[in-house]
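Working notes, structure below.
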2 protein chains.
Amino acid sequence: MARKTKAEAELTRQQILDAALQVFHARGVSRTTLDQVAKAAGVTRGAVYWHFANKTELFFALRERISLPLMDKGQSLILAENLADPLDGIEQTILALFEAIMGCEKVRQLFEIMFLRCEYVDDFAGVLTELNKPGLAFLEKSTHAYRRAQAKGTMRAGLEPEAMALDSWAFVRGLFHHFLASPDDAAWPGRVPAMIRAHMALRRPCRV
Amino acid sequence: MARKTKAEAELTRQQILDAALQVFHARGVSRTTLDQVAKAAGVTRGAVYWHFANKTELFFALRERISLPLMDKGQSLILAENLADPLDGIEQTILALFEAIMGCEKVRQLFEIMFLRCEYVDDFAGVLTELNKPGLAFLEKSTHAYRRAQAKGTMRAGLEPEAMALDSWAFVRGLFHHFLASPDDAAWPGRVPAMIRAHMALRRPCRV
DNA sequence: GTATATACAAACGAGTATGTATGTAAAATA
DNA sequence: TATTTTACATACATACTCGTTTGTATATAC
């Protein structure tokens with residue numbers, strides 16, 4: 001077959017990545033064949049091997065294209081700001097992260113792959129620690145935010161910032177995990193904003 | 001080779017299950033060969049195929065042996081009781097569930113397999129809904145418990161039981177997921193009881 | 001305009017997992 | 001005691017999947 005332009009080659013690369021997203025999501029990472037990916041992309045395995053060394057590299061490239069930018073965005077955006085009430089910053093961050101995942105089908109599919117359709121062993125064991133990093137970053141930044149809230153007096157008295165951050169951390173993780181695990185529950189995404197609000201309301205001063 | 005007694009046959013069945021637990025945990029479900037399981041159990045593939053039709057049935061049997069009893073136990077134990085403070089019941093339930101998983105290496109390994117080393121597609125897609133069931137049961141029972149707490153006045157005023165149950169639900173899920181995903185963090189399990197206590201303390205009346 | 005590198009398709013070879021079929025010696029059963 | 005199951009081990013046939021190699025038409029560099 002004829003050689004393609006650089007631009008065309010880049011296009012097929014993207015098509016392969018898109019196809020990989022679909023097939024990984026449908027069949028799970030380790031059960032997908034590179035031939036299945038190739039066919040879904042409308043090319044042969046030759047093209048896949050030309051652009052990626054093997055399945056692992058394909059997976060990593062896929063992750064890098066979608067996940068990493070999102071992680072960075074979610075981290076730096078709101079928590080570091082100097083808000084009147086840092087609790088609002090945390091609330092907005094969680095909500096924004098949730099909407100970012102749910103708003104885009106591709107992002108959601110990638111997260112479903114990472115949470116439910118990938119076996120974290122051998123080559124992929126490292127992905128797990130990578131996956132934990134943004135969570136740890138969130139934990140650290142939210143701890144600071146809770147401390148600032150405490151200092152400003154916007155947080156209910158008697159609460160420890162570290163404990164609150166850990167609780168929020170687990171909450172976010174559980175929220176995402178359950179959401180990704182129950183895509184059939186249509187009523188579910190509508191509830192999430194209220195859940196986030198309720199979660200943060202627990203930290204705010206008691207109204208009498 | 002010589003035929004075994006019924007009791008001996010049951011023993012090799014258990015050995016196969018134990019071996020499957022180890023190998024699934026080490027290599028991930030879809031990447032493990034039945035030959036690997038057989039060798040780890042000290043038998044041949046013939047024995048494995050004699051006791052189990054295929055890998056899927058082996059996985060289900062493994063799950064049934066360890067997980068199901070635990071689920072039932074955690075559900076019925078404390079939440080249904082008529083306690084002075086239903087919040088204590090919830091707290092104890094979460095703690096007990098956590099300790100049950102962390103106390104037994106085999107249980108922990110199984111949960112790690114189910115959360116991080118299994119791709120929920122095709123045959124295993126059903127496992128996911130099975131996996132969600134105990135969570136939904138916890139959600140329902142804890143909702144009732146929170147309602148009772150509200151009625152008894154042991155819960156802080158102005159909190160909605162349903163919202164609290166959802167928050168606890170996400171919390172538990174996130175807690176387990178993170179714990180299973182970071183087995184290297186040795187300091188982590190020691191923190192969990194405090195986290196659970198802090199989580200529940202948020203629901204108790206403000207002390208002035 | 002010629003040479004070379006590119007972007008694949010197509011074919012190949014080797015390894016490996018799976019399910020089944022067969023063999024067999026002892027335990028159950030009658 | 002004779003017969004029939006049982007509980008495997010062994011052997012086999014099939015089917016994939018992978019990584020590599022080869023071929024080739026065309027951009028692109030010079």
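Here, A, B, ... name the chains of the structure tokens in the order displayed, residue numbers run from 1 inside each chain, and ligands are numbered from 1 in the same displayed order.
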Interface, chain A side, toward chain B (9 Å; only C-alpha atoms) as a ChimeraX atom specification
/A:25-31,113,115-122,128-129,132,156-160,163-164,166-178,181-182,194-196,198-199,202-203,206-208
Next, the residues of the selection above should be written as a compact mmCIF listing (two decimals), in the first residue's frame with N, CA and C atoms.
# COMPACT_ATOMS: atom_id res chain seq x y z
N HIS A 25 -12.28 -1.22 26.26
CA HIS A 25 -13.48 -1.05 27.08
C HIS A 25 -14.43 -2.23 26.90
N ALA A 26 -14.53 -2.71 25.69
CA ALA A 26 -15.49 -3.78 25.40
C ALA A 26 -14.99 -5.14 25.87
N ARG A 27 -13.71 -5.42 25.71
CA ARG A 27 -13.20 -6.76 25.97
C ARG A 27 -12.24 -6.86 27.15
N GLY A 28 -11.88 -5.74 27.75
CA GLY A 28 -10.85 -5.78 28.79
C GLY A 28 -9.47 -5.74 28.16
N VAL A 29 -8.52 -5.23 28.89
CA VAL A 29 -7.20 -4.99 28.30
C VAL A 29 -6.51 -6.28 27.90
N SER A 30 -6.43 -7.23 28.81
CA SER A 30 -5.61 -8.40 28.50
C SER A 30 -6.29 -9.35 27.53
N ARG A 31 -7.59 -9.21 27.35
CA ARG A 31 -8.29 -10.09 26.43
C ARG A 31 -8.37 -9.52 25.02
N ILE A 113 -11.94 1.60 32.05
CA ILE A 113 -10.88 0.65 31.73
C ILE A 113 -9.90 0.55 32.88
N PHE A 115 -10.27 1.34 36.02
CA PHE A 115 -10.81 0.88 37.30
C PHE A 115 -11.33 -0.55 37.23
N LEU A 116 -11.83 -0.95 36.09
CA LEU A 116 -12.59 -2.20 36.07
C LEU A 116 -12.19 -3.17 34.98
N ARG A 117 -11.32 -2.76 34.09
CA ARG A 117 -11.03 -3.63 32.96
C ARG A 117 -9.53 -3.76 32.73
N CYS A 118 -8.80 -3.71 33.81
CA CYS A 118 -7.34 -3.79 33.70
C CYS A 118 -6.80 -4.55 34.90
N GLU A 119 -5.92 -5.48 34.66
CA GLU A 119 -5.35 -6.26 35.76
C GLU A 119 -3.97 -5.71 36.10
N TYR A 120 -3.85 -5.23 37.32
CA TYR A 120 -2.64 -4.53 37.71
C TYR A 120 -1.56 -5.50 38.18
N VAL A 121 -0.95 -6.16 37.23
CA VAL A 121 0.17 -7.05 37.52
C VAL A 121 1.23 -6.87 36.45
N ASP A 122 2.43 -7.35 36.73
CA ASP A 122 3.53 -7.27 35.79
C ASP A 122 3.71 -5.84 35.25
N LEU A 128 -0.60 1.30 38.71
CA LEU A 128 -1.36 1.46 39.94
C LEU A 128 -0.78 2.57 40.81
N THR A 129 0.54 2.57 40.97
CA THR A 129 1.16 3.64 41.75
C THR A 129 0.98 4.98 41.05
N ASN A 132 -2.33 6.15 41.83
CA ASN A 132 -2.50 6.63 43.20
C ASN A 132 -1.97 8.04 43.39
N ARG A 156 -16.35 23.89 60.83
CA ARG A 156 -16.93 23.55 62.12
C ARG A 156 -15.82 23.28 63.13
N ALA A 157 -16.04 23.73 64.35
CA ALA A 157 -15.01 23.60 65.38
C ALA A 157 -14.81 22.14 65.77
N GLY A 158 -13.61 21.83 66.21
CA GLY A 158 -13.34 20.50 66.74
C GLY A 158 -12.99 19.46 65.70
N LEU A 159 -12.89 19.86 64.44
CA LEU A 159 -12.54 18.90 63.40
C LEU A 159 -11.06 19.01 63.06
N GLU A 160 -10.44 17.86 62.86
CA GLU A 160 -9.03 17.86 62.47
C GLU A 160 -8.91 17.88 60.94
N ALA A 163 -7.88 14.55 59.31
CA ALA A 163 -8.93 13.55 59.30
C ALA A 163 -9.98 13.87 58.24
N MET A 164 -10.29 15.15 58.10
CA MET A 164 -11.28 15.56 57.10
C MET A 164 -10.78 15.27 55.68
N LEU A 166 -8.64 12.96 54.78
CA LEU A 166 -8.69 11.52 54.55
C LEU A 166 -10.12 11.07 54.24
N ASP A 167 -11.05 11.63 54.97
CA ASP A 167 -12.45 11.26 54.75
C ASP A 167 -12.91 11.69 53.35
N SER A 168 -12.52 12.88 52.95
CA SER A 168 -12.89 13.35 51.60
C SER A 168 -12.22 12.51 50.53
N TRP A 169 -11.02 12.16 50.81
CA TRP A 169 -10.24 11.34 49.88
C TRP A 169 -10.95 10.01 49.61
N ALA A 170 -11.31 9.33 50.71
CA ALA A 170 -12.01 8.07 50.56
C ALA A 170 -13.36 8.28 49.87
N PHE A 171 -14.02 9.36 50.22
CA PHE A 171 -15.32 9.67 49.62
C PHE A 171 -15.21 9.79 48.10
N VAL A 172 -14.25 10.57 47.65
CA VAL A 172 -14.08 10.79 46.21
C VAL A 172 -13.79 9.48 45.51
N ARG A 173 -12.90 8.74 46.10
CA ARG A 173 -12.53 7.47 45.48
C ARG A 173 -13.72 6.52 45.40
N GLY A 174 -14.46 6.44 46.47
CA GLY A 174 -15.63 5.58 46.47
C GLY A 174 -16.68 6.05 45.49
N LEU A 175 -16.84 7.36 45.43
CA LEU A 175 -17.80 7.95 44.51
C LEU A 175 -17.49 7.54 43.08
N PHE A 176 -16.28 7.77 42.68
CA PHE A 176 -15.88 7.44 41.31
C PHE A 176 -16.00 5.95 41.06
N HIS A 177 -15.52 5.20 41.99
CA HIS A 177 -15.52 3.76 41.78
C HIS A 177 -16.93 3.24 41.60
N HIS A 178 -17.80 3.69 42.45
CA HIS A 178 -19.16 3.19 42.30
C HIS A 178 -19.80 3.69 41.02
N ALA A 181 -18.68 1.69 38.23
CA ALA A 181 -19.10 0.29 38.30
C ALA A 181 -20.58 0.10 38.01
N SER A 182 -21.34 1.18 38.01
CA SER A 182 -22.79 1.05 37.78
C SER A 182 -23.24 1.99 36.68
N ALA A 194 -25.49 16.62 44.78
CA ALA A 194 -26.07 16.70 46.13
C ALA A 194 -25.21 15.95 47.13
N MET A 195 -24.65 14.80 46.70
CA MET A 195 -23.79 14.04 47.60
C MET A 195 -22.55 14.83 47.98
N ILE A 196 -21.99 15.48 46.97
CA ILE A 196 -20.79 16.28 47.25
C ILE A 196 -21.13 17.42 48.19
N ALA A 198 -23.55 17.52 50.37
CA ALA A 198 -23.81 16.98 51.71
C ALA A 198 -22.49 16.63 52.41
N HIS A 199 -21.58 16.08 51.61
CA HIS A 199 -20.28 15.71 52.18
C HIS A 199 -19.59 16.93 52.77
N LEU A 202 -21.15 18.65 56.01
CA LEU A 202 -20.80 18.04 57.29
C LEU A 202 -19.64 18.78 57.97
N ARG A 203 -18.85 19.44 57.16
CA ARG A 203 -17.68 20.14 57.69
C ARG A 203 -17.96 21.59 58.07
N CYS A 206 -22.25 24.21 62.50
CA CYS A 206 -23.64 23.87 62.77
C CYS A 206 -24.48 25.13 62.71
N ARG A 207 -25.59 25.02 62.02
CA ARG A 207 -26.56 26.12 62.07
C ARG A 207 -27.59 25.77 63.12
N VAL A 208 -27.86 26.73 63.97
CA VAL A 208 -28.86 26.45 65.01
C VAL A 208 -30.19 27.05 64.60
Which polymer residues have any atom within 10 Å of an atom of DT10 in chain D, counting only C-alpha atoms (C1' of nucleotides), with same-chain residues fewer than 2 positions away left out, as a ChimeraX atom specification?
/B:44,46 /C:22-23 /D:12
Writer output for current selection, N, CA and C atoms (P, O5', C5', C4', C3', O3' and C1' of nucleotides), as a short mmCIF file (atom, residue, chain, number, x, y, z; two decimals), in the first residue's frame:
data_model
loop_
_atom_site.label_atom_id
_atom_site.label_comp_id
_atom_site.auth_asym_id
_atom_site.auth_seq_id
_atom_site.Cartn_x
_atom_site.Cartn_y
_atom_site.Cartn_z
N THR B 44 -1.97 -31.96 37.93
CA THR B 44 -1.93 -31.62 36.51
C THR B 44 -3.24 -30.95 36.11
N GLY B 46 -5.39 -32.02 34.28
CA GLY B 46 -6.47 -32.99 34.34
C GLY B 46 -7.27 -32.88 35.62
P DT C 22 -11.35 -41.38 22.64
"O5'" DT C 22 -10.08 -42.14 23.20
"C5'" DT C 22 -8.77 -41.62 22.93
"C4'" DT C 22 -7.81 -41.99 24.04
"C3'" DT C 22 -8.08 -43.37 24.69
"O3'" DT C 22 -6.89 -44.12 24.72
"C1'" DT C 22 -7.81 -41.73 26.35
P DG C 23 -6.94 -45.69 25.02
"O5'" DG C 23 -6.09 -45.76 26.37
"C5'" DG C 23 -4.85 -45.06 26.46
"C4'" DG C 23 -4.37 -45.01 27.91
"C3'" DG C 23 -4.59 -46.31 28.69
"O3'" DG C 23 -3.42 -46.57 29.47
"C1'" DG C 23 -5.57 -44.53 29.86
P DC D 12 0.64 -38.35 21.73
"O5'" DC D 12 -0.62 -37.54 21.17
"C5'" DC D 12 -1.93 -38.09 21.31
"C4'" DC D 12 -2.96 -37.10 20.81
"C3'" DC D 12 -2.46 -36.23 19.64
"O3'" DC D 12 -3.48 -36.16 18.65
"C1'" DC D 12 -3.32 -34.87 21.36
#
Quiz prompt | Arg147 in chain A surroundings by only C-alpha atoms (C1' of nucleotides), 10 Å radius, close-in-sequence under 6 positions cut, as an NGL selection string | solution = :A and (86-87 or 141 or 153 or 155 or 160-162 or 164-165)
**Message:** Could you list, as a list in words, every residue within 12 Å of Leu58 in chain A, counting only C-alpha atoms (C1' of nucleotides) and ignoring same-chain residues fewer than 5 positions away?
**Reply:**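 Near Leu58 in chain A, the qualifying residues are Arg13, Gln14, Ile16, Leu17, Asp18, Ala19, Ala20, Leu21, Phe24, Val29, Thr32, Thr33, Leu34, Val37, Ala38, Val48, Tyr49, Trp50, His51, Phe52, Ala53, Arg63, Glu64 and Arg65 of chain A.
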Go through chain C and flag each residue having an atom no more than 7 Å from chain A; for those, report the closest pair of atoms plus their distance in Å to one decimal, using only C-alpha atoms (C1' of nucleotides), ordered by chain and rising number, as a tab-separated table.
residue	atom	partner	partner_atom	distance
C:DT6	C1'	A:Arg3	CA	6.8
C:DA7	C1'	A:Arg3	CA	5.1
C:DC8	C1'	A:Ala47	CA	5.5
C:DA9	C1'	A:Met1	CA	6.3
Kindly save the residues from that selection, with C-alpha atoms (C1' of nucleotides) included, as a PDB file, in the first residue's frame.
ATOM      1  C1'  DT C   6       8.486   6.046   5.630  1.00  0.00           C
ATOM      2  C1'  DA C   7       4.008   3.925   6.488  1.00  0.00           C
ATOM      3  C1'  DC C   8       2.042   0.561   6.230  1.00  0.00           C
ATOM      4  C1'  DA C   9       0.036  -4.628   4.261  1.00  0.00           C
TER       5       DA C   9
END
Judged by only C-alpha atoms (C1' of nucleotides), the minimum distance to chain B among D:DT1, D:DT22, D:DT14, D:DT6 is found for D:DT6
Checklist entry - DSSP on the backbone: what in range 15-200 of chain B comes out helix (DSSP H, G or I), as number ranges by chain? => result B: 15-27, 34-41, 45-51, 55-76, 86-103, 105-116, 122-152, 161-181, 188-200
Output file for the selection above: C-alpha atoms, as a short mmCIF file (atom, residue, chain, number, x, y, z; two decimals), in the first residue's frame:
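Done, and the output landed in again24.cif:
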data_model
loop_
_atom_site.label_atom_id
_atom_site.label_comp_id
_atom_site.auth_asym_id
_atom_site.auth_seq_id
_atom_site.Cartn_x
_atom_site.Cartn_y
_atom_site.Cartn_z
CA GLN B 15 -5.59 -27.24 47.18
CA ILE B 16 -6.56 -26.21 43.68
CA LEU B 17 -8.66 -23.37 45.08
CA ASP B 18 -5.81 -22.23 47.30
CA ALA B 19 -3.41 -22.39 44.39
CA ALA B 20 -5.84 -20.44 42.22
CA LEU B 21 -6.01 -17.74 44.86
CA GLN B 22 -2.25 -17.41 44.87
CA VAL B 23 -1.81 -17.45 41.12
CA PHE B 24 -4.75 -15.17 40.36
CA HIS B 25 -3.33 -12.74 42.86
CA ALA B 26 0.16 -12.92 41.44
CA ARG B 27 -0.61 -12.90 37.72
CA LEU B 34 -4.85 -23.42 34.29
CA ASP B 35 -1.53 -25.16 33.98
CA GLN B 36 0.00 -22.61 36.33
CA VAL B 37 -2.78 -23.23 38.81
CA ALA B 38 -2.34 -26.97 38.48
CA LYS B 39 1.42 -26.80 39.02
CA ALA B 40 0.97 -24.52 42.03
CA ALA B 41 -1.44 -27.05 43.46
CA ARG B 45 -4.46 -29.80 34.41
CA GLY B 46 -6.47 -32.99 34.34
CA ALA B 47 -7.26 -32.59 38.02
CA VAL B 48 -8.29 -28.99 37.56
CA TYR B 49 -10.59 -29.86 34.69
CA TRP B 50 -12.01 -32.70 36.71
CA HIS B 51 -13.07 -30.40 39.55
CA LYS B 55 -11.30 -20.89 34.58
CA THR B 56 -14.51 -18.95 35.01
CA GLU B 57 -16.07 -21.63 37.18
CA LEU B 58 -12.89 -21.86 39.18
CA PHE B 59 -13.02 -18.12 39.81
CA PHE B 60 -16.67 -18.27 40.85
CA ALA B 61 -16.03 -21.16 43.19
CA LEU B 62 -13.16 -19.27 44.76
CA ARG B 63 -15.32 -16.23 45.25
CA GLU B 64 -18.13 -18.27 46.69
CA ARG B 65 -15.90 -19.98 49.21
CA ILE B 66 -14.49 -16.82 50.73
CA SER B 67 -16.51 -13.81 49.82
CA LEU B 68 -20.13 -14.79 50.20
CA PRO B 69 -20.00 -15.89 53.85
CA LEU B 70 -18.23 -12.67 54.70
CA MET B 71 -20.80 -10.54 52.93
CA ASP B 72 -23.65 -12.14 54.79
CA LYS B 73 -21.89 -11.85 58.09
CA GLY B 74 -21.14 -8.17 57.65
CA GLN B 75 -24.69 -7.41 56.65
CA SER B 76 -26.78 -9.07 59.24
CA PRO B 86 -27.60 3.24 65.99
CA LEU B 87 -24.57 5.26 64.93
CA ASP B 88 -22.47 2.95 67.05
CA GLY B 89 -23.93 0.04 65.12
CA ILE B 90 -22.86 1.53 61.82
CA GLU B 91 -19.43 2.34 63.17
CA GLN B 92 -18.94 -1.15 64.50
CA THR B 93 -20.15 -2.69 61.26
CA ILE B 94 -17.69 -0.78 59.14
CA LEU B 95 -14.88 -1.55 61.53
CA ALA B 96 -15.77 -5.23 61.67
CA LEU B 97 -15.91 -5.47 57.91
CA PHE B 98 -12.55 -3.83 57.64
CA GLU B 99 -11.01 -6.10 60.21
CA ALA B 100 -12.51 -9.16 58.58
CA ILE B 101 -10.81 -8.29 55.33
CA MET B 102 -7.53 -7.25 56.82
CA GLY B 103 -7.35 -9.94 59.42
CA GLU B 105 -4.62 -12.87 54.27
CA LYS B 106 -6.73 -15.06 52.03
CA VAL B 107 -9.70 -12.77 52.25
CA ARG B 108 -7.54 -9.79 51.48
CA GLN B 109 -6.03 -11.52 48.49
CA LEU B 110 -9.44 -12.38 47.16
CA PHE B 111 -10.58 -8.79 47.49
CA GLU B 112 -7.43 -7.59 45.78
CA ILE B 113 -8.17 -9.97 42.95
CA MET B 114 -11.73 -8.77 42.66
CA PHE B 115 -10.85 -5.08 42.86
CA LEU B 116 -7.59 -4.91 40.98
CA ASP B 122 -17.99 -11.10 29.15
CA ASP B 123 -18.25 -13.90 31.68
CA PHE B 124 -17.17 -11.66 34.51
CA ALA B 125 -19.52 -8.77 33.80
CA GLY B 126 -22.08 -10.43 36.02
CA VAL B 127 -19.64 -10.53 38.90
CA LEU B 128 -19.71 -6.78 38.98
CA THR B 129 -23.42 -6.58 39.73
CA GLU B 130 -22.95 -9.35 42.26
CA LEU B 131 -20.19 -7.28 43.76
CA ASN B 132 -22.46 -4.26 43.98
CA LYS B 133 -25.21 -6.10 45.79
CA PRO B 134 -23.68 -6.14 49.27
CA GLY B 135 -22.92 -2.47 48.85
CA LEU B 136 -26.54 -1.72 48.03
CA ALA B 137 -27.65 -3.81 50.98
CA PHE B 138 -25.32 -1.82 53.21
CA LEU B 139 -26.74 1.38 51.78
CA GLU B 140 -30.27 0.36 52.56
CA LYS B 141 -29.60 -0.89 56.06
CA SER B 142 -27.46 2.05 57.00
CA THR B 143 -30.20 4.37 55.76
CA HIS B 144 -32.58 2.74 58.20
CA ALA B 145 -30.00 2.95 60.96
CA TYR B 146 -29.45 6.63 60.30
CA ARG B 147 -33.20 7.15 60.39
CA ARG B 148 -33.39 5.46 63.77
CA ALA B 149 -30.51 7.60 64.98
CA GLN B 150 -32.35 10.67 63.84
CA ALA B 151 -35.50 9.56 65.63
CA LYS B 152 -33.56 8.87 68.79
CA PRO B 161 -30.33 10.06 56.77
CA GLU B 162 -30.30 9.23 53.06
CA ALA B 163 -27.49 11.65 52.37
CA MET B 164 -25.49 10.34 55.31
CA ALA B 165 -25.93 6.77 54.13
CA LEU B 166 -24.72 7.64 50.66
CA ASP B 167 -21.73 9.43 52.11
CA SER B 168 -20.85 6.47 54.32
CA TRP B 169 -21.33 4.15 51.40
CA ALA B 170 -18.85 6.05 49.25
CA PHE B 171 -16.51 6.32 52.20
CA VAL B 172 -16.43 2.58 52.80
CA ARG B 173 -15.93 1.82 49.17
CA GLY B 174 -13.12 4.32 48.83
CA LEU B 175 -11.53 3.08 52.02
CA PHE B 176 -11.41 -0.49 50.86
CA HIS B 177 -10.36 0.37 47.39
CA HIS B 178 -7.46 2.47 48.50
CA PHE B 179 -6.38 -0.01 51.08
CA LEU B 180 -6.30 -2.80 48.57
CA ALA B 181 -4.51 -0.64 46.03
CA TRP B 188 -1.98 2.79 56.53
CA PRO B 189 -4.00 0.04 58.26
CA GLY B 190 -3.30 1.58 61.66
CA ARG B 191 -5.04 4.75 60.59
CA VAL B 192 -8.26 3.16 59.48
CA PRO B 193 -10.02 2.86 62.85
CA ALA B 194 -9.40 6.55 63.46
CA MET B 195 -10.73 7.35 60.01
CA ILE B 196 -13.90 5.40 60.68
CA ARG B 197 -14.30 7.12 64.02
CA ALA B 198 -13.81 10.54 62.45
CA HIS B 199 -16.26 9.69 59.72
CA MET B 200 -18.94 8.84 62.22
#
Using only C-alpha atoms (C1' of nucleotides), find the residues of chain D whose closest atom to chain B is at most 8 Å away, then write them as a short mmCIF file (atom, residue, chain, number, x, y, z; two decimals) with C-alpha atoms (C1' of nucleotides), in the first residue's frame.
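Ended up saving to part32.cif:
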data_model
loop_
_atom_site.label_atom_id
_atom_site.label_comp_id
_atom_site.auth_asym_id
_atom_site.auth_seq_id
_atom_site.Cartn_x
_atom_site.Cartn_y
_atom_site.Cartn_z
"C1'" DT D 6 -14.01 -42.21 40.42
"C1'" DA D 7 -10.08 -39.19 40.34
"C1'" DC D 8 -7.01 -38.08 38.25
"C1'" DA D 9 -2.37 -38.16 34.59
#
So which residues touch DA3 in chain C within 12 Å, counting only C-alpha atoms (C1' of nucleotides), skipping near sequence neighbours fewer than 4 positions away, as an NGL selection string?
-> :D and (28-30)
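Computed from the coordinates, the CA of Ala7 in chain A to C1' of DA11 in chain C distance equals 28.2 Å.
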Could you give me, as a PyMOL selection string, the residues within 10 Å of DT5 in chain D, counting only C-alpha atoms (C1' of nucleotides) and dropping anything in the same chain fewer than 4 positions from it?
chain C and resi 27-29
Dump as a PDB file, in the first residue's frame, selection limited to N, CA and C atoms (P, O5', C5', C4', C3', O3' and C1' of nucleotides):
ATOM      1  P    DA C  27      -7.513 -47.413  47.516  1.00  0.00           P
ATOM      2  O5'  DA C  27      -9.022 -46.910  47.611  1.00  0.00           O
ATOM      3  C5'  DA C  27      -9.337 -45.579  47.284  1.00  0.00           C
ATOM      4  C4'  DA C  27     -10.784 -45.453  46.858  1.00  0.00           C
ATOM      5  C3'  DA C  27     -11.815 -45.989  47.853  1.00  0.00           C
ATOM      6  O3'  DA C  27     -12.871 -45.054  47.933  1.00  0.00           O
ATOM      7  C1'  DA C  27     -12.146 -46.993  45.732  1.00  0.00           C
ATOM      8  P    DA C  28     -13.747 -44.869  49.244  1.00  0.00           P
ATOM      9  O5'  DA C  28     -15.181 -45.155  48.642  1.00  0.00           O
ATOM     10  C5'  DA C  28     -15.241 -45.921  47.491  1.00  0.00           C
ATOM     11  C4'  DA C  28     -16.518 -45.779  46.735  1.00  0.00           C
ATOM     12  C3'  DA C  28     -17.753 -46.284  47.493  1.00  0.00           C
ATOM     13  O3'  DA C  28     -18.920 -45.710  46.929  1.00  0.00           O
ATOM     14  C1'  DA C  28     -17.076 -47.887  45.866  1.00  0.00           C
ATOM     15  P    DT C  29     -20.341 -45.962  47.667  1.00  0.00           P
ATOM     16  O5'  DT C  29     -20.914 -47.193  46.839  1.00  0.00           O
ATOM     17  C5'  DT C  29     -20.916 -47.150  45.404  1.00  0.00           C
ATOM     18  C4'  DT C  29     -21.329 -48.489  44.817  1.00  0.00           C
ATOM     19  C3'  DT C  29     -22.421 -49.236  45.597  1.00  0.00           C
ATOM     20  O3'  DT C  29     -23.424 -49.652  44.679  1.00  0.00           O
ATOM     21  C1'  DT C  29     -20.643 -50.688  45.130  1.00  0.00           C
TER      22       DT C  29
END
